[in-house]
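> Have a look at the structure that comes next, please.
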Amino acid sequence: MLDAVLAAAQSAPSKSDLQQYSIVVLTDPGPIGRIADWIGTMDWIKGAPVFLVFCADIFRGREICRMHGMAHANDNLDTFLNASVDAALAMAFAMQAADALGLGTCPISYVRNHIEKITPLLGLPEAVFPIAGLALGWPEHRALPSMRLPPSVVVHRGRYHAETMAAEIASYDQRRHAREPLSPGKQKNNDVFGTKPGVTWSENVARQLAVPERFGLRTFLRTRGLSVD
């Protein structure tokens, strides 16, 4: 089943067929537990029999250029974006395949909060960096999918339309809160804003975006030989 999930990940489309991603498969409870302990707020990671780490991989492209006696001339922000999107698409395809097999998944972007520790743990070479982790296993229960924003906010026909966005989001907040109110444990940055009743989806988004997060990522990538200019 794991091989099927990984094959599905590799079937994802890739920018120019460059395939600029790699997947590190963890099944040893030791490293999985260390990652869970570093994150600290997601104990369910330890219960997953498999933890996948999807990485943007620019190292392989550099090696391919060396194989053919050419210089890698695209060490830039665009390559960073292309490799990151490749890894994200691969993870999405893996999640779809896992769901079809009856497995459960939970993507973990928090691996980037501890990129300086996870990189050596996984033995990642220069210019390979984690995009997200994915806990994979048998779910104890299946939750309903979260209510999504209405198409009127997300889908723009002909050009971008923001005229009614605020009103549409406010209406969405009411519908979502009525169906799935946010518990205090799911409210973002409680240490900054505290907990309170009635926090809506959009307020929770604002609480997350109002506090700097992973602001050292660019500096770390530079230390790993990756230009993001």
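The chains in the structure tokens are called A, B, ... from first to last as shown; in each chain the residues are counted from 1, and the ligands are counted from 1 in the order shown.
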Determine, for each residue of segment 77-192 of chain A having at least one atom at most 10 Å from an atom of segment 21-36 of chain A, the closest pair of atoms and their separation in Å to one decimal, counting only C-alpha atoms; order by chain and ascending number, as a tab-separated table.

residue	atom	partner	partner_atom	distance
A:Asn82	CA	A:Tyr21	CA	9.5
A:Ala83	CA	A:Tyr21	CA	6.1
A:Ser84	CA	A:Tyr21	CA	7.6
A:Val85	CA	A:Tyr21	CA	8.9
A:Asp86	CA	A:Tyr21	CA	6.1
A:Ala87	CA	A:Tyr21	CA	5.1
A:Ala88	CA	A:Tyr21	CA	8.9
A:Leu89	CA	A:Tyr21	CA	9.8
A:Ala90	CA	A:Tyr21	CA	8.2
A:Met91	CA	A:Ile23	CA	9.0
A:Tyr110	CA	A:Ile35	CA	9.6
A:Val111	CA	A:Ile35	CA	7.6
A:His114	CA	A:Ile35	CA	8.4
A:Lys117	CA	A:Ile35	CA	8.8
A:Ile118	CA	A:Ile35	CA	7.3
A:Leu121	CA	A:Pro31	CA	7.6
A:Leu122	CA	A:Val24	CA	7.4
A:Gly123	CA	A:Val24	CA	9.7
A:Leu124	CA	A:Val24	CA	9.3
A:Val128	CA	A:Tyr21	CA	8.2
A:Phe129	CA	A:Tyr21	CA	9.3
A:Pro130	CA	A:Ile23	CA	9.1
A:Ile131	CA	A:Tyr21	CA	9.5
A:Gly133	CA	A:Val24	CA	9.2
A:Leu134	CA	A:Val25	CA	9.7
A:Ala135	CA	A:Ile32	CA	9.4
> At a cut-off of 10 Å, can you tabulate as a Markdown table every residue of segment 115-168 of chain A near segment 178-182 of chain A together with its closest atom pair and the distance in Å to one decimal, using only C-alpha atoms and ordering rows by chain then number?

| residue | atom | partner | partner_atom | distance |
| --- | --- | --- | --- | --- |
| A:Leu144 | CA | A:Glu180 | CA | 9.8 |
| A:Ser146 | CA | A:Glu180 | CA | 8.2 |
| A:Met147 | CA | A:Glu180 | CA | 8.4 |
> Have a look at atom CA of Asn74 of chain A and atom CA of Cys55 of chain A and let me know their distance in Å, one decimal.
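One can read the atom CA of Asn74 of chain A to atom CA of Cys55 of chain A distance as 18.1 Å.
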> I'd like the interatomic distance between atom CA of Asn113 of chain A and atom CA of Phe215 of chain A, to a tenth of an Å.
9.5 Å
> Can you pull out every residue from segment 50-220 of chain A that DSSP, working from the backbone, puts in strand (DSSP E or B), and format the result as a list in words?
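Residues of segment 50-220 of chain A classed as strand (DSSP E or B): Val50, Phe51, Leu52, Val53, Phe54, Cys55, Ala56, Asp57, Gly104, Thr105, Cys106, Pro107, Ile108, Val128, Phe129, Pro130, Ile131, Ala132, Gly133, Leu134, Ala135, Leu136 and Gly137 of chain A.
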> Just the residues within 12 Å of Glu213 of chain A, please, counting only C-alpha atoms, with nothing from its chain fewer than 4 positions along; format it as a PyMOL selection string.
chain A and resi 109-110+112-114+189+207-209+217-218
> Take the residues from that selection and put them in a file with N, CA and C atoms, as a JSON list (two decimals), in the first residue's frame.

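Output (selection.json):
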[["chain", "number", "residue", "atom", "x", "y", "z"],
["A", 109, "SER", "N", 2.95, 21.15, 7.87],
["A", 109, "SER", "CA", 3.85, 22.21, 7.41],
["A", 109, "SER", "C", 4.82, 22.62, 8.50],
["A", 110, "TYR", "N", 4.54, 22.24, 9.75],
["A", 110, "TYR", "CA", 5.39, 22.64, 10.87],
["A", 110, "TYR", "C", 6.80, 22.06, 10.79],
["A", 112, "ARG", "N", 8.80, 22.86, 8.71],
["A", 112, "ARG", "CA", 9.62, 24.01, 8.34],
["A", 112, "ARG", "C", 9.95, 24.88, 9.55],
["A", 113, "ASN", "N", 9.20, 24.74, 10.64],
["A", 113, "ASN", "CA", 9.55, 25.46, 11.86],
["A", 113, "ASN", "C", 10.83, 24.92, 12.48],
["A", 114, "HIS", "N", 11.19, 23.69, 12.12],
["A", 114, "HIS", "CA", 12.37, 23.06, 12.70],
["A", 114, "HIS", "C", 13.28, 22.53, 11.59],
["A", 189, "ASN", "N", -2.37, 31.38, 17.91],
["A", 189, "ASN", "CA", -1.57, 32.32, 18.68],
["A", 189, "ASN", "C", -2.27, 32.80, 19.95],
["A", 207, "ARG", "N", -5.41, 36.10, 13.04],
["A", 207, "ARG", "CA", -4.57, 35.83, 14.21],
["A", 207, "ARG", "C", -3.28, 35.11, 13.81],
["A", 208, "GLN", "N", -3.37, 34.23, 12.82],
["A", 208, "GLN", "CA", -2.17, 33.52, 12.38],
["A", 208, "GLN", "C", -1.27, 34.41, 11.54],
["A", 209, "LEU", "N", -1.86, 35.17, 10.62],
["A", 209, "LEU", "CA", -1.06, 35.98, 9.71],
["A", 209, "LEU", "C", -0.49, 37.23, 10.36],
["A", 217, "LEU", "N", 13.60, 31.39, 7.47],
["A", 217, "LEU", "CA", 13.71, 30.38, 6.42],
["A", 217, "LEU", "C", 14.66, 30.82, 5.31],
["A", 218, "ARG", "N", 14.56, 32.05, 4.89],
["A", 218, "ARG", "CA", 15.41, 32.51, 3.78],
["A", 218, "ARG", "C", 16.89, 32.44, 4.17]]
> Write out as an mmCIF file with all heavy atoms, in the first residue's frame each polymer residue whose atoms come within 9 Å of Glu168 of chain A, counting only C-alpha atoms; drop sequence neighbours fewer than 4 positions from it.

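result19.cif, written as the output of this step:
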data_model
loop_
_atom_site.group_PDB
_atom_site.id
_atom_site.type_symbol
_atom_site.label_atom_id
_atom_site.label_comp_id
_atom_site.auth_asym_id
_atom_site.auth_seq_id
_atom_site.Cartn_x
_atom_site.Cartn_y
_atom_site.Cartn_z
ATOM 1 N N LEU A 149 -14.432 28.049 1.427
ATOM 2 C CA LEU A 149 -14.940 29.342 0.976
ATOM 3 C C LEU A 149 -15.840 29.154 -0.245
ATOM 4 O O LEU A 149 -15.623 28.227 -1.040
ATOM 5 C CB LEU A 149 -13.786 30.266 0.609
ATOM 6 C CG LEU A 149 -12.978 30.857 1.769
ATOM 7 C CD1 LEU A 149 -11.663 31.413 1.256
ATOM 8 C CD2 LEU A 149 -13.776 31.939 2.490
ATOM 9 N N PRO A 150 -16.830 30.026 -0.433
ATOM 10 C CA PRO A 150 -17.693 29.892 -1.601
ATOM 11 C C PRO A 150 -16.931 30.188 -2.894
ATOM 12 O O PRO A 150 -15.963 30.963 -2.883
ATOM 13 C CB PRO A 150 -18.789 30.937 -1.343
ATOM 14 C CG PRO A 150 -18.166 31.936 -0.444
ATOM 15 C CD PRO A 150 -17.213 31.165 0.423
ATOM 16 N N SER A 152 -17.614 32.093 -5.172
ATOM 17 C CA SER A 152 -17.645 33.519 -5.499
ATOM 18 C C SER A 152 -16.436 34.268 -4.947
ATOM 19 O O SER A 152 -16.109 35.352 -5.422
ATOM 20 C CB SER A 152 -18.939 34.148 -4.954
ATOM 21 O OG SER A 152 -19.064 33.905 -3.553
ATOM 22 N N VAL A 153 -15.773 33.688 -3.938
ATOM 23 C CA VAL A 153 -14.577 34.310 -3.364
ATOM 24 C C VAL A 153 -13.310 33.771 -4.018
ATOM 25 O O VAL A 153 -12.325 34.493 -4.187
ATOM 26 C CB VAL A 153 -14.522 34.067 -1.837
ATOM 27 C CG1 VAL A 153 -13.214 34.572 -1.240
ATOM 28 C CG2 VAL A 153 -15.704 34.746 -1.152
ATOM 29 N N THR A 164 -17.013 42.227 -3.562
ATOM 30 C CA THR A 164 -17.919 41.687 -2.543
ATOM 31 C C THR A 164 -17.211 40.715 -1.593
ATOM 32 O O THR A 164 -17.875 40.007 -0.841
ATOM 33 C CB THR A 164 -19.101 40.967 -3.221
ATOM 34 O OG1 THR A 164 -18.600 39.850 -3.994
ATOM 35 C CG2 THR A 164 -19.870 41.894 -4.124
ATOM 36 N N TYR A 172 -19.755 33.687 5.051
ATOM 37 C CA TYR A 172 -19.138 32.372 5.210
ATOM 38 C C TYR A 172 -18.777 32.119 6.671
ATOM 39 O O TYR A 172 -18.984 31.015 7.200
ATOM 40 C CB TYR A 172 -17.897 32.304 4.324
ATOM 41 C CG TYR A 172 -16.962 31.153 4.591
ATOM 42 C CD1 TYR A 172 -17.251 29.865 4.151
ATOM 43 C CD2 TYR A 172 -15.765 31.359 5.281
ATOM 44 C CE1 TYR A 172 -16.370 28.809 4.384
ATOM 45 C CE2 TYR A 172 -14.886 30.313 5.514
ATOM 46 C CZ TYR A 172 -15.188 29.043 5.071
ATOM 47 O OH TYR A 172 -14.329 28.011 5.304
ATOM 48 N N ASP A 173 -18.236 33.136 7.338
ATOM 49 C CA ASP A 173 -17.898 33.007 8.756
ATOM 50 C C ASP A 173 -19.110 32.552 9.574
ATOM 51 O O ASP A 173 -18.997 31.675 10.434
ATOM 52 C CB ASP A 173 -17.402 34.349 9.309
ATOM 53 C CG ASP A 173 -15.915 34.576 9.082
ATOM 54 O OD1 ASP A 173 -15.182 33.588 8.860
ATOM 55 O OD2 ASP A 173 -15.490 35.738 9.133
#
> To one decimal place in Å, what is the distance between atom CA of Leu2 of chain A and atom CA of Ala98 of chain A?
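Answer for the atom CA of Leu2 of chain A to atom CA of Ala98 of chain A separation: 8.4 Å.
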> Pick out the residues sitting within 10 Å of Arg224 of chain A, and hand them over as an mmCIF file with C-alpha atoms, in the first residue's frame; count only C-alpha atoms, and ignore anything fewer than 2 positions along from it in its own chain.

data_model
loop_
_atom_site.group_PDB
_atom_site.id
_atom_site.type_symbol
_atom_site.label_atom_id
_atom_site.label_comp_id
_atom_site.auth_asym_id
_atom_site.auth_seq_id
_atom_site.Cartn_x
_atom_site.Cartn_y
_atom_site.Cartn_z
ATOM 1 C CA THR A 119 17.569 18.645 7.594
ATOM 2 C CA LEU A 124 19.462 16.095 3.217
ATOM 3 C CA PRO A 125 22.215 17.379 0.923
ATOM 4 C CA GLU A 126 22.676 21.015 0.043
ATOM 5 C CA ALA A 127 19.776 22.505 -1.953
ATOM 6 C CA VAL A 128 17.251 19.927 -0.692
ATOM 7 C CA PHE A 129 14.800 21.270 1.867
ATOM 8 C CA ARG A 218 15.412 32.506 3.781
ATOM 9 C CA THR A 219 18.571 32.816 5.880
ATOM 10 C CA PHE A 220 18.648 29.057 6.430
ATOM 11 C CA LEU A 221 18.242 28.341 2.713
ATOM 12 C CA ARG A 222 21.188 30.628 1.955
ATOM 13 C CA LEU A 226 20.422 28.088 -2.277
ATOM 14 C CA SER A 227 19.913 31.561 -3.666
#
> From the list A:Cys65, A:Phe51, A:Pro139, A:Trp44, which residue is nearest Leu6 of chain A when using only C-alpha atoms?
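Among the listed residues, A:Phe51 lies closest to Leu6 of chain A.
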